[in-house]
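Data block for model17.pdb (PDB, C-alpha atoms and all ligand atoms):
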ATOM      1  CA  MET L   1       0.800  79.992  12.077  1.00  0.00           C
ATOM      2  CA  ALA L   2      -2.803  81.128  11.966  1.00  0.00           C
ATOM      3  CA  ILE L   3      -4.368  82.219  15.206  1.00  0.00           C
ATOM      4  CA  ARG L   4      -8.115  82.258  15.334  1.00  0.00           C
ATOM      5  CA  TRP L   5     -10.613  83.003  18.048  1.00  0.00           C
ATOM      6  CA  THR L   6     -12.727  79.974  18.900  1.00  0.00           C
ATOM      7  CA  PRO L   7     -15.805  79.722  21.165  1.00  0.00           C
ATOM      8  CA  ALA L   8     -13.571  78.024  23.736  1.00  0.00           C
ATOM      9  CA  PHE L   9     -12.030  81.478  24.333  1.00  0.00           C
ATOM     10  CA  THR L  10     -15.313  83.034  25.431  1.00  0.00           C
ATOM     11  CA  VAL L  11     -15.292  85.396  28.408  1.00  0.00           C
ATOM     12  CA  GLY L  12     -19.080  85.493  28.663  1.00  0.00           C
ATOM     13  CA  ASP L  13     -19.588  88.889  27.041  1.00  0.00           C
ATOM     14  CA  ALA L  14     -20.409  89.119  23.339  1.00  0.00           C
ATOM     15  CA  THR L  15     -18.793  92.543  22.865  1.00  0.00           C
ATOM     16  CA  ILE L  16     -15.503  91.500  24.436  1.00  0.00           C
ATOM     17  CA  ASP L  17     -15.547  88.194  22.552  1.00  0.00           C
ATOM     18  CA  ALA L  18     -15.975  90.114  19.275  1.00  0.00           C
ATOM     19  CA  GLN L  19     -13.109  92.429  20.201  1.00  0.00           C
ATOM     20  CA  HIS L  20     -10.845  89.474  21.001  1.00  0.00           C
ATOM     21  CA  ALA L  21     -11.730  87.819  17.679  1.00  0.00           C
ATOM     22  CA  ARG L  22     -10.962  91.006  15.764  1.00  0.00           C
ATOM     23  CA  LEU L  23      -7.673  91.479  17.605  1.00  0.00           C
ATOM     24  CA  LEU L  24      -6.469  87.965  16.848  1.00  0.00           C
ATOM     25  CA  ASP L  25      -7.551  88.443  13.267  1.00  0.00           C
ATOM     26  CA  GLN L  26      -5.480  91.603  12.929  1.00  0.00           C
ATOM     27  CA  ILE L  27      -2.439  89.998  14.554  1.00  0.00           C
ATOM     28  CA  ASN L  28      -2.821  87.270  11.917  1.00  0.00           C
ATOM     29  CA  THR L  29      -2.937  89.887   9.172  1.00  0.00           C
ATOM     30  CA  LEU L  30       0.222  91.493  10.543  1.00  0.00           C
ATOM     31  CA  LEU L  31       1.950  88.129  10.667  1.00  0.00           C
ATOM     32  CA  GLU L  32       0.987  87.358   7.073  1.00  0.00           C
ATOM     33  CA  ALA L  33       2.137  90.789   5.889  1.00  0.00           C
ATOM     34  CA  LEU L  34       5.524  90.262   7.543  1.00  0.00           C
ATOM     35  CA  GLU L  35       5.889  86.709   6.240  1.00  0.00           C
ATOM     36  CA  LYS L  36       5.106  87.808   2.693  1.00  0.00           C
ATOM     37  CA  GLY L  37       7.552  90.689   3.034  1.00  0.00           C
ATOM     38  CA  LEU L  38       4.843  93.228   2.215  1.00  0.00           C
ATOM     39  CA  THR L  39       5.619  96.920   2.110  1.00  0.00           C
ATOM     40  CA  ASP L  40       6.121  98.994   5.217  1.00  0.00           C
ATOM     41  CA  HIS L  41       2.986 100.840   4.213  1.00  0.00           C
ATOM     42  CA  THR L  42       0.838  97.708   4.668  1.00  0.00           C
ATOM     43  CA  VAL L  43       2.553  96.753   7.904  1.00  0.00           C
ATOM     44  CA  ASN L  44       2.162 100.295   9.264  1.00  0.00           C
ATOM     45  CA  GLY L  45      -1.507 100.298   8.332  1.00  0.00           C
ATOM     46  CA  VAL L  46      -2.152  97.152  10.368  1.00  0.00           C
ATOM     47  CA  VAL L  47      -0.050  98.398  13.264  1.00  0.00           C
ATOM     48  CA  ASN L  48      -1.928 101.713  13.357  1.00  0.00           C
ATOM     49  CA  PHE L  49      -5.213  99.839  13.460  1.00  0.00           C
ATOM     50  CA  LEU L  50      -3.888  97.538  16.204  1.00  0.00           C
ATOM     51  CA  ASP L  51      -2.723 100.503  18.286  1.00  0.00           C
ATOM     52  CA  SER L  52      -6.128 102.071  18.664  1.00  0.00           C
ATOM     53  CA  TYR L  53      -7.963  98.761  18.787  1.00  0.00           C
ATOM     54  CA  ILE L  54      -5.737  97.438  21.575  1.00  0.00           C
ATOM     55  CA  SER L  55      -6.144 100.542  23.744  1.00  0.00           C
ATOM     56  CA  ASN L  56      -9.901 100.678  23.130  1.00  0.00           C
ATOM     57  CA  HIS L  57     -10.233  97.012  24.038  1.00  0.00           C
ATOM     58  CA  LEU L  58      -8.168  97.255  27.218  1.00  0.00           C
ATOM     59  CA  PHE L  59     -10.095 100.359  28.303  1.00  0.00           C
ATOM     60  CA  TYR L  60     -13.425  98.719  27.566  1.00  0.00           C
ATOM     61  CA  GLU L  61     -12.471  95.546  29.414  1.00  0.00           C
ATOM     62  CA  GLU L  62     -11.220  97.485  32.446  1.00  0.00           C
ATOM     63  CA  GLY L  63     -14.560  99.349  32.579  1.00  0.00           C
ATOM     64  CA  TYR L  64     -16.397  96.040  32.299  1.00  0.00           C
ATOM     65  CA  MET L  65     -14.452  94.513  35.211  1.00  0.00           C
ATOM     66  CA  LYS L  66     -15.040  97.608  37.349  1.00  0.00           C
ATOM     67  CA  ALA L  67     -18.752  97.702  36.549  1.00  0.00           C
ATOM     68  CA  HIS L  68     -18.983  94.084  37.730  1.00  0.00           C
ATOM     69  CA  ARG L  69     -16.834  94.717  40.811  1.00  0.00           C
ATOM     70  CA  PHE L  70     -14.278  92.094  39.874  1.00  0.00           C
ATOM     71  CA  PRO L  71     -11.896  91.822  42.867  1.00  0.00           C
ATOM     72  CA  GLY L  72      -8.889  90.944  40.687  1.00  0.00           C
ATOM     73  CA  PHE L  73      -9.154  94.256  38.836  1.00  0.00           C
ATOM     74  CA  ALA L  74      -5.858  95.836  40.013  1.00  0.00           C
ATOM     75  CA  LYS L  75      -3.813  92.726  39.189  1.00  0.00           C
ATOM     76  CA  HIS L  76      -5.476  92.444  35.792  1.00  0.00           C
ATOM     77  CA  LYS L  77      -4.941  96.108  34.953  1.00  0.00           C
ATOM     78  CA  ALA L  78      -1.257  95.755  35.892  1.00  0.00           C
ATOM     79  CA  GLN L  79      -0.991  93.001  33.266  1.00  0.00           C
ATOM     80  CA  HIS L  80      -2.555  95.299  30.670  1.00  0.00           C
ATOM     81  CA  ASP L  81      -0.162  98.124  31.615  1.00  0.00           C
ATOM     82  CA  ASN L  82       2.790  95.765  31.413  1.00  0.00           C
ATOM     83  CA  PHE L  83       1.658  94.619  27.979  1.00  0.00           C
ATOM     84  CA  ILE L  84       1.394  98.231  26.763  1.00  0.00           C
ATOM     85  CA  ARG L  85       4.977  98.890  27.895  1.00  0.00           C
ATOM     86  CA  ARG L  86       6.248  95.828  26.040  1.00  0.00           C
ATOM     87  CA  TYR L  87       4.135  96.671  23.018  1.00  0.00           C
ATOM     88  CA  LEU L  88       5.662 100.148  22.759  1.00  0.00           C
ATOM     89  CA  GLU L  89       9.147  98.619  22.831  1.00  0.00           C
ATOM     90  CA  PHE L  90       8.080  96.117  20.173  1.00  0.00           C
ATOM     91  CA  LYS L  91       6.811  98.929  17.950  1.00  0.00           C
ATOM     92  CA  LYS L  92      10.199 100.652  18.115  1.00  0.00           C
ATOM     93  CA  ARG L  93      11.889  97.493  16.860  1.00  0.00           C
ATOM     94  CA  LEU L  94       9.240  97.064  14.174  1.00  0.00           C
ATOM     95  CA  ALA L  95       9.833 100.615  12.973  1.00  0.00           C
ATOM     96  CA  ALA L  96      13.529  99.794  12.657  1.00  0.00           C
ATOM     97  CA  GLY L  97      12.691  97.430   9.792  1.00  0.00           C
ATOM     98  CA  ASN L  98      11.161  94.175   8.677  1.00  0.00           C
ATOM     99  CA  SER L  99      13.348  91.254   9.720  1.00  0.00           C
ATOM    100  CA  PRO L 100      12.956  87.539  10.472  1.00  0.00           C
ATOM    101  CA  THR L 101      13.408  88.404  14.160  1.00  0.00           C
ATOM    102  CA  ILE L 102      10.417  90.710  14.161  1.00  0.00           C
ATOM    103  CA  THR L 103       8.191  88.025  12.598  1.00  0.00           C
ATOM    104  CA  ILE L 104       9.166  85.610  15.342  1.00  0.00           C
ATOM    105  CA  GLU L 105       8.496  88.326  17.873  1.00  0.00           C
ATOM    106  CA  VAL L 106       4.976  88.840  16.528  1.00  0.00           C
ATOM    107  CA  GLN L 107       4.391  85.112  17.077  1.00  0.00           C
ATOM    108  CA  ASP L 108       6.134  84.796  20.421  1.00  0.00           C
ATOM    109  CA  PHE L 109       5.117  88.077  21.954  1.00  0.00           C
ATOM    110  CA  LEU L 110       1.992  89.490  20.327  1.00  0.00           C
ATOM    111  CA  ALA L 111       0.121  86.325  19.393  1.00  0.00           C
ATOM    112  CA  ALA L 112       1.227  84.288  22.409  1.00  0.00           C
ATOM    113  CA  TRP L 113       0.492  87.105  24.881  1.00  0.00           C
ATOM    114  CA  TRP L 114      -3.057  87.572  23.661  1.00  0.00           C
ATOM    115  CA  ILE L 115      -3.910  83.888  23.477  1.00  0.00           C
ATOM    116  CA  ASN L 116      -2.501  83.284  26.931  1.00  0.00           C
ATOM    117  CA  HIS L 117      -4.098  86.399  28.430  1.00  0.00           C
ATOM    118  CA  ILE L 118      -7.546  85.626  27.015  1.00  0.00           C
ATOM    119  CA  GLN L 119      -7.398  82.009  28.155  1.00  0.00           C
ATOM    120  CA  THR L 120      -6.115  82.660  31.669  1.00  0.00           C
ATOM    121  CA  SER L 121      -6.553  86.223  32.973  1.00  0.00           C
ATOM    122  CA  ASP L 122      -9.658  87.197  31.006  1.00  0.00           C
ATOM    123  CA  ARG L 123     -11.156  83.857  31.935  1.00  0.00           C
ATOM    124  CA  GLU L 124     -10.716  84.739  35.620  1.00  0.00           C
ATOM    125  CA  TYR L 125     -13.145  87.674  35.464  1.00  0.00           C
ATOM    126  CA  HIS L 126     -15.469  85.590  33.303  1.00  0.00           C
ATOM    127  CA  LEU L 127     -15.694  82.855  35.941  1.00  0.00           C
ATOM    128  CA  TYR L 128     -16.009  85.373  38.784  1.00  0.00           C
ATOM    129  CA  ILE L 129     -18.851  87.282  37.123  1.00  0.00           C
ATOM    130  CA  ARG L 130     -20.552  84.060  36.125  1.00  0.00           C
ATOM    131  CA  ASP L 131     -20.404  82.680  39.668  1.00  0.00           C
ATOM    132  CA  HIS L 132     -21.318  85.927  41.480  1.00  0.00           C
ATOM    133  CA  PRO L 133     -24.736  87.078  40.340  1.00  0.00           C
ATOM    134  CA  LYS L 134     -24.478  90.048  42.731  1.00  0.00           C
ATOM    135  CA  SER L 135     -21.669  91.419  40.597  1.00  0.00           C
ATOM    136  CA  HIS L 136     -24.350  92.386  38.059  1.00  0.00           C
ATOM    137  CA  PRO L 137     -25.846  95.584  39.400  1.00  0.00           C
ATOM    138  CA  GLU L 138     -28.425  96.359  36.687  1.00  0.00           C
ATOM    139  CA  LYS L 139     -28.123 100.114  36.941  1.00  0.00           C
ATOM    140  CA  GLU L 140     -24.352 100.223  36.797  1.00  0.00           C
ATOM    141  CA  ALA L 141     -24.184  97.794  33.913  1.00  0.00           C
ATOM    142  CA  LYS L 142     -26.675  99.921  32.002  1.00  0.00           C
ATOM    143  CA  SER L 143     -24.816 103.187  32.514  1.00  0.00           C
ATOM    144  CA  PHE L 144     -21.561 101.418  31.671  1.00  0.00           C
ATOM    145  CA  HIS L 145     -22.943 100.293  28.330  1.00  0.00           C
ATOM    146  CA  GLN L 146     -24.182 103.802  27.624  1.00  0.00           C
ATOM    147  CA  ARG L 147     -20.766 105.273  28.374  1.00  0.00           C
ATOM    148  CA  VAL L 148     -18.849 102.927  26.109  1.00  0.00           C
ATOM    149  CA  GLN L 149     -21.392 102.485  23.328  1.00  0.00           C
ATOM    150  CA  HIS L 150     -19.301 104.485  20.866  1.00  0.00           C
ATOM    151  CA  MET L 151     -16.471 101.999  21.324  1.00  0.00           C
ATOM    152  CA  LEU L 152     -18.451  98.940  20.276  1.00  0.00           C
ATOM    153  CA  PRO L 153     -17.133  97.180  17.166  1.00  0.00           C
TER     154      PRO L 153
HETATM  155 FE    FE W 201      -9.146  90.989  26.771  1.00  0.00          FE
HETATM  156 FE    FE W 202      -7.500  91.483  29.870  1.00  0.00          FE
END
Please express what this file holds, its structure, as structure tokens.
Amino acid sequence: MAIRWTPAFTVGDATIDAQHARLLDQINTLLEALEKGLTDHTVNGVVNFLDSYISNHLFYEEGYMKAHRFPGFAKHKAQHDNFIRRYLEFKKRLAAGNSPTITIEVQDFLAAWWINHIQTSDREYHLYIRDHPKSHPEKEAKSFHQRVQHMLP
């Protein structure tokens, strides 16, 4: 099952869109590595990349929502925190060994969570920011981009 970012997933910000595309791409790579029964070394390499990419993305996105004064911020952040908790549990099971169950879990948990989150929750801040021009304070947006520039893909 290949999962690919498509323009229909846009959240109205090119940086975040690029991060989402890269994330889905890496989840795909992980899935392929597991399906082909590749070595733990390969799987660990992808997982290590995913770890830092996921936390960078969530942090970046949370800063973006704050900078635009998105009122659903707390609820959205709680979803991110909940994902991180589940992801850590998933990693423990992955470390225990490659198995058919773990491949299914990558599809059902990792891939499905991201697709669903991007299409529903991330879309909520997209629509809010799009429909509330006052949520774009020039100055704040500028300093926000300066602060997170080193995290851009
Ligand atoms: Fe996101
Ligand atoms: Fe999100």
* **Pick from L:Lys75, L:His57, L:Lys91, L:Lys134 nearest to ligand FE 201 (chain W), counting only C-alpha atoms and all ligand atoms** =>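 Among L:Lys75, L:His57, L:Lys91, L:Lys134, it is L:His57 that comes nearest to ligand FE 201 (chain W).
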* To do: Could you expand the PyMOL selection byres (((chain L and resi 42-56) around 8) and not hetatm) into the explicit residues it covers here, written as JSON, numbers by chain?
  => {"L": [23, 26, 27, 29, 30, 33, 34, 38, 39, 40, 41, 57, 58, 59, 60, 151]}
Pull C-alpha atoms from the residues just selected and write them as a CSV table (one decimal), keeping the file's coordinate frame.
chain,number,residue,atom,x,y,z
L,23,LEU,CA,-7.7,91.5,17.6
L,26,GLN,CA,-5.5,91.6,12.9
L,27,ILE,CA,-2.4,90.0,14.6
L,29,THR,CA,-2.9,89.9,9.2
L,30,LEU,CA,0.2,91.5,10.5
L,33,ALA,CA,2.1,90.8,5.9
L,34,LEU,CA,5.5,90.3,7.5
L,38,LEU,CA,4.8,93.2,2.2
L,39,THR,CA,5.6,96.9,2.1
L,40,ASP,CA,6.1,99.0,5.2
L,41,HIS,CA,3.0,100.8,4.2
L,57,HIS,CA,-10.2,97.0,24.0
L,58,LEU,CA,-8.2,97.3,27.2
L,59,PHE,CA,-10.1,100.4,28.3
L,60,TYR,CA,-13.4,98.7,27.6
L,151,MET,CA,-16.5,102.0,21.3
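If you measure from each of L:Glu105, L:Glu35, L:Asp25, L:Asp13 to ligand FE 201 (chain W) using only C-alpha atoms and all ligand atoms, the closest one turns out to be L:Asp13.
If all atoms listed in the file are the atoms counted, then among L:Leu152, L:Ile129, L:Ala18, L:Ala112 the closest residue to Ala67 (chain L) is L:Ile129.
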* Best match for closeness to His20 (chain L) among L:Asp108, L:Glu89, L:Glu61, L:Asp131, counting only C-alpha atoms ->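 Going through L:Asp108, L:Glu89, L:Glu61, L:Asp131 one by one, the smallest distance to His20 (chain L) is for L:Glu61.
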* To do: Using all atoms listed in the file, find each residue with an atom at most 12 Å away from ligand FE 201 (chain W) and format the answer as JSON, numbers by chain.
  => {"L": [5, 9, 10, 11, 12, 13, 14, 15, 16, 17, 18, 19, 20, 21, 22, 23, 24, 53, 54, 55, 56, 57, 58, 59, 60, 61, 62, 63, 64, 65, 76, 77, 79, 80, 83, 113, 114, 115, 116, 117, 118, 119, 120, 121, 122, 123, 124, 125, 126]}
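Nearest to ligand FE 202 (chain W) of all the residues L:Arg69, L:Glu32, L:Leu110, L:Ala78 is L:Ala78, based on only C-alpha atoms and all ligand atoms.
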* Asked: At what distance in Å, to one decimal, does CA of Gly37 (chain L) lie from CA of Gly97 (chain L)?
  -> 10.8 Å
Using N, CA and C atoms, give me region 36-81 of chain L from the structure I just pasted, as a PDB file, in the first residue's frame.
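Heads up, here's the output in out-v8.pdb:
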ATOM      1  N   LYS L  36       9.709  -6.178   2.604  1.00  0.00           N
ATOM      2  CA  LYS L  36      10.770  -6.924   1.938  1.00  0.00           C
ATOM      3  C   LYS L  36      11.626  -7.686   2.931  1.00  0.00           C
ATOM      4  N   GLY L  37      11.337  -7.531   4.217  1.00  0.00           N
ATOM      5  CA  GLY L  37      12.116  -8.217   5.242  1.00  0.00           C
ATOM      6  C   GLY L  37      13.559  -7.727   5.276  1.00  0.00           C
ATOM      7  N   LEU L  38      13.763  -6.441   5.044  1.00  0.00           N
ATOM      8  CA  LEU L  38      15.118  -5.891   5.054  1.00  0.00           C
ATOM      9  C   LEU L  38      15.714  -5.927   6.464  1.00  0.00           C
ATOM     10  N   THR L  39      17.009  -5.734   6.508  1.00  0.00           N
ATOM     11  CA  THR L  39      17.723  -5.868   7.786  1.00  0.00           C
ATOM     12  C   THR L  39      17.256  -4.841   8.811  1.00  0.00           C
ATOM     13  N   ASP L  40      17.490  -5.175  10.060  1.00  0.00           N
ATOM     14  CA  ASP L  40      17.146  -4.266  11.148  1.00  0.00           C
ATOM     15  C   ASP L  40      17.852  -2.933  10.959  1.00  0.00           C
ATOM     16  N   HIS L  41      19.060  -3.022  10.376  1.00  0.00           N
ATOM     17  CA  HIS L  41      19.853  -1.817  10.188  1.00  0.00           C
ATOM     18  C   HIS L  41      19.100  -0.797   9.326  1.00  0.00           C
ATOM     19  N   THR L  42      18.514  -1.288   8.225  1.00  0.00           N
ATOM     20  CA  THR L  42      17.747  -0.407   7.324  1.00  0.00           C
ATOM     21  C   THR L  42      16.523   0.151   8.044  1.00  0.00           C
ATOM     22  N   VAL L  43      15.810  -0.753   8.704  1.00  0.00           N
ATOM     23  CA  VAL L  43      14.588  -0.342   9.408  1.00  0.00           C
ATOM     24  C   VAL L  43      14.941   0.697  10.477  1.00  0.00           C
ATOM     25  N   ASN L  44      16.017   0.443  11.226  1.00  0.00           N
ATOM     26  CA  ASN L  44      16.409   1.385  12.281  1.00  0.00           C
ATOM     27  C   ASN L  44      16.796   2.740  11.706  1.00  0.00           C
ATOM     28  N   GLY L  45      17.449   2.703  10.535  1.00  0.00           N
ATOM     29  CA  GLY L  45      17.837   3.953   9.895  1.00  0.00           C
ATOM     30  C   GLY L  45      16.622   4.813   9.584  1.00  0.00           C
ATOM     31  N   VAL L  46      15.584   4.183   9.019  1.00  0.00           N
ATOM     32  CA  VAL L  46      14.369   4.930   8.679  1.00  0.00           C
ATOM     33  C   VAL L  46      13.684   5.420   9.950  1.00  0.00           C
ATOM     34  N   VAL L  47      13.637   4.555  10.949  1.00  0.00           N
ATOM     35  CA  VAL L  47      12.957   4.930  12.195  1.00  0.00           C
ATOM     36  C   VAL L  47      13.682   6.098  12.872  1.00  0.00           C
ATOM     37  N   ASN L  48      15.006   6.076  12.853  1.00  0.00           N
ATOM     38  CA  ASN L  48      15.758   7.189  13.449  1.00  0.00           C
ATOM     39  C   ASN L  48      15.466   8.492  12.729  1.00  0.00           C
ATOM     40  N   PHE L  49      15.398   8.415  11.396  1.00  0.00           N
ATOM     41  CA  PHE L  49      15.058   9.609  10.626  1.00  0.00           C
ATOM     42  C   PHE L  49      13.663  10.092  11.006  1.00  0.00           C
ATOM     43  N   LEU L  50      12.703   9.141  11.035  1.00  0.00           N
ATOM     44  CA  LEU L  50      11.313   9.480  11.358  1.00  0.00           C
ATOM     45  C   LEU L  50      11.207  10.153  12.722  1.00  0.00           C
ATOM     46  N   ASP L  51      11.945   9.625  13.699  1.00  0.00           N
ATOM     47  CA  ASP L  51      11.897  10.174  15.055  1.00  0.00           C
ATOM     48  C   ASP L  51      12.129  11.673  15.066  1.00  0.00           C
ATOM     49  N   SER L  52      13.259  12.085  14.477  1.00  0.00           N
ATOM     50  CA  SER L  52      13.577  13.509  14.561  1.00  0.00           C
ATOM     51  C   SER L  52      12.673  14.309  13.622  1.00  0.00           C
ATOM     52  N   TYR L  53      12.328  13.705  12.490  1.00  0.00           N
ATOM     53  CA  TYR L  53      11.481  14.450  11.552  1.00  0.00           C
ATOM     54  C   TYR L  53      10.088  14.691  12.136  1.00  0.00           C
ATOM     55  N   ILE L  54       9.555  13.663  12.799  1.00  0.00           N
ATOM     56  CA  ILE L  54       8.223  13.788  13.402  1.00  0.00           C
ATOM     57  C   ILE L  54       8.240  14.878  14.474  1.00  0.00           C
ATOM     58  N   SER L  55       9.232  14.847  15.381  1.00  0.00           N
ATOM     59  CA  SER L  55       9.209  15.861  16.441  1.00  0.00           C
ATOM     60  C   SER L  55       9.453  17.255  15.876  1.00  0.00           C
ATOM     61  N   ASN L  56      10.339  17.380  14.892  1.00  0.00           N
ATOM     62  CA  ASN L  56      10.551  18.694  14.277  1.00  0.00           C
ATOM     63  C   ASN L  56       9.262  19.200  13.626  1.00  0.00           C
ATOM     64  N   HIS L  57       8.579  18.310  12.915  1.00  0.00           N
ATOM     65  CA  HIS L  57       7.352  18.723  12.242  1.00  0.00           C
ATOM     66  C   HIS L  57       6.289  19.173  13.247  1.00  0.00           C
ATOM     67  N   LEU L  58       6.082  18.368  14.289  1.00  0.00           N
ATOM     68  CA  LEU L  58       5.030  18.704  15.249  1.00  0.00           C
ATOM     69  C   LEU L  58       5.347  20.037  15.930  1.00  0.00           C
ATOM     70  N   PHE L  59       6.624  20.238  16.259  1.00  0.00           N
ATOM     71  CA  PHE L  59       7.052  21.478  16.903  1.00  0.00           C
ATOM     72  C   PHE L  59       6.843  22.667  15.962  1.00  0.00           C
ATOM     73  N   TYR L  60       7.223  22.483  14.734  1.00  0.00           N
ATOM     74  CA  TYR L  60       7.071  23.545  13.733  1.00  0.00           C
ATOM     75  C   TYR L  60       5.594  23.904  13.571  1.00  0.00           C
ATOM     76  N   GLU L  61       4.766  22.861  13.439  1.00  0.00           N
ATOM     77  CA  GLU L  61       3.343  23.089  13.204  1.00  0.00           C
ATOM     78  C   GLU L  61       2.685  23.774  14.402  1.00  0.00           C
ATOM     79  N   GLU L  62       3.106  23.385  15.614  1.00  0.00           N
ATOM     80  CA  GLU L  62       2.545  24.002  16.816  1.00  0.00           C
ATOM     81  C   GLU L  62       2.920  25.488  16.854  1.00  0.00           C
ATOM     82  N   GLY L  63       4.157  25.818  16.476  1.00  0.00           N
ATOM     83  CA  GLY L  63       4.585  27.215  16.409  1.00  0.00           C
ATOM     84  C   GLY L  63       3.786  27.987  15.371  1.00  0.00           C
ATOM     85  N   TYR L  64       3.512  27.326  14.268  1.00  0.00           N
ATOM     86  CA  TYR L  64       2.748  27.950  13.170  1.00  0.00           C
ATOM     87  C   TYR L  64       1.325  28.278  13.639  1.00  0.00           C
ATOM     88  N   MET L  65       0.697  27.321  14.340  1.00  0.00           N
ATOM     89  CA  MET L  65      -0.676  27.545  14.815  1.00  0.00           C
ATOM     90  C   MET L  65      -0.712  28.677  15.835  1.00  0.00           C
ATOM     91  N   LYS L  66       0.286  28.698  16.715  1.00  0.00           N
ATOM     92  CA  LYS L  66       0.363  29.750  17.739  1.00  0.00           C
ATOM     93  C   LYS L  66       0.554  31.107  17.080  1.00  0.00           C
ATOM     94  N   ALA L  67       1.487  31.174  16.129  1.00  0.00           N
ATOM     95  CA  ALA L  67       1.784  32.441  15.465  1.00  0.00           C
ATOM     96  C   ALA L  67       0.543  32.997  14.770  1.00  0.00           C
ATOM     97  N   HIS L  68      -0.355  32.094  14.347  1.00  0.00           N
ATOM     98  CA  HIS L  68      -1.577  32.538  13.669  1.00  0.00           C
ATOM     99  C   HIS L  68      -2.777  32.563  14.607  1.00  0.00           C
ATOM    100  N   ARG L  69      -2.507  32.392  15.881  1.00  0.00           N
ATOM    101  CA  ARG L  69      -3.568  32.474  16.915  1.00  0.00           C
ATOM    102  C   ARG L  69      -4.745  31.543  16.614  1.00  0.00           C
ATOM    103  N   PHE L  70      -4.419  30.337  16.260  1.00  0.00           N
ATOM    104  CA  PHE L  70      -5.475  29.347  15.975  1.00  0.00           C
ATOM    105  C   PHE L  70      -6.140  28.946  17.290  1.00  0.00           C
ATOM    106  N   PRO L  71      -7.470  29.139  17.421  1.00  0.00           N
ATOM    107  CA  PRO L  71      -8.128  28.866  18.703  1.00  0.00           C
ATOM    108  C   PRO L  71      -8.175  27.379  19.085  1.00  0.00           C
ATOM    109  N   GLY L  72      -8.003  26.495  18.113  1.00  0.00           N
ATOM    110  CA  GLY L  72      -8.059  25.061  18.421  1.00  0.00           C
ATOM    111  C   GLY L  72      -6.695  24.500  18.791  1.00  0.00           C
ATOM    112  N   PHE L  73      -5.759  25.395  19.138  1.00  0.00           N
ATOM    113  CA  PHE L  73      -4.381  24.969  19.388  1.00  0.00           C
ATOM    114  C   PHE L  73      -4.267  23.870  20.462  1.00  0.00           C
ATOM    115  N   ALA L  74      -4.887  24.086  21.622  1.00  0.00           N
ATOM    116  CA  ALA L  74      -4.718  23.149  22.752  1.00  0.00           C
ATOM    117  C   ALA L  74      -5.213  21.747  22.364  1.00  0.00           C
ATOM    118  N   LYS L  75      -6.358  21.699  21.705  1.00  0.00           N
ATOM    119  CA  LYS L  75      -6.939  20.410  21.302  1.00  0.00           C
ATOM    120  C   LYS L  75      -6.000  19.722  20.291  1.00  0.00           C
ATOM    121  N   HIS L  76      -5.482  20.523  19.380  1.00  0.00           N
ATOM    122  CA  HIS L  76      -4.597  19.974  18.350  1.00  0.00           C
ATOM    123  C   HIS L  76      -3.297  19.457  18.961  1.00  0.00           C
ATOM    124  N   LYS L  77      -2.743  20.234  19.888  1.00  0.00           N
ATOM    125  CA  LYS L  77      -1.489  19.811  20.525  1.00  0.00           C
ATOM    126  C   LYS L  77      -1.708  18.514  21.316  1.00  0.00           C
ATOM    127  N   ALA L  78      -2.882  18.384  21.939  1.00  0.00           N
ATOM    128  CA  ALA L  78      -3.183  17.166  22.695  1.00  0.00           C
ATOM    129  C   ALA L  78      -3.167  15.955  21.758  1.00  0.00           C
ATOM    130  N   GLN L  79      -3.625  16.149  20.531  1.00  0.00           N
ATOM    131  CA  GLN L  79      -3.587  15.041  19.553  1.00  0.00           C
ATOM    132  C   GLN L  79      -2.144  14.675  19.214  1.00  0.00           C
ATOM    133  N   HIS L  80      -1.308  15.704  19.054  1.00  0.00           N
ATOM    134  CA  HIS L  80       0.115  15.444  18.781  1.00  0.00           C
ATOM    135  C   HIS L  80       0.738  14.682  19.959  1.00  0.00           C
ATOM    136  N   ASP L  81       0.458  15.145  21.176  1.00  0.00           N
ATOM    137  CA  ASP L  81       1.045  14.497  22.364  1.00  0.00           C
ATOM    138  C   ASP L  81       0.594  13.044  22.468  1.00  0.00           C
TER     139      ASP L  81
END
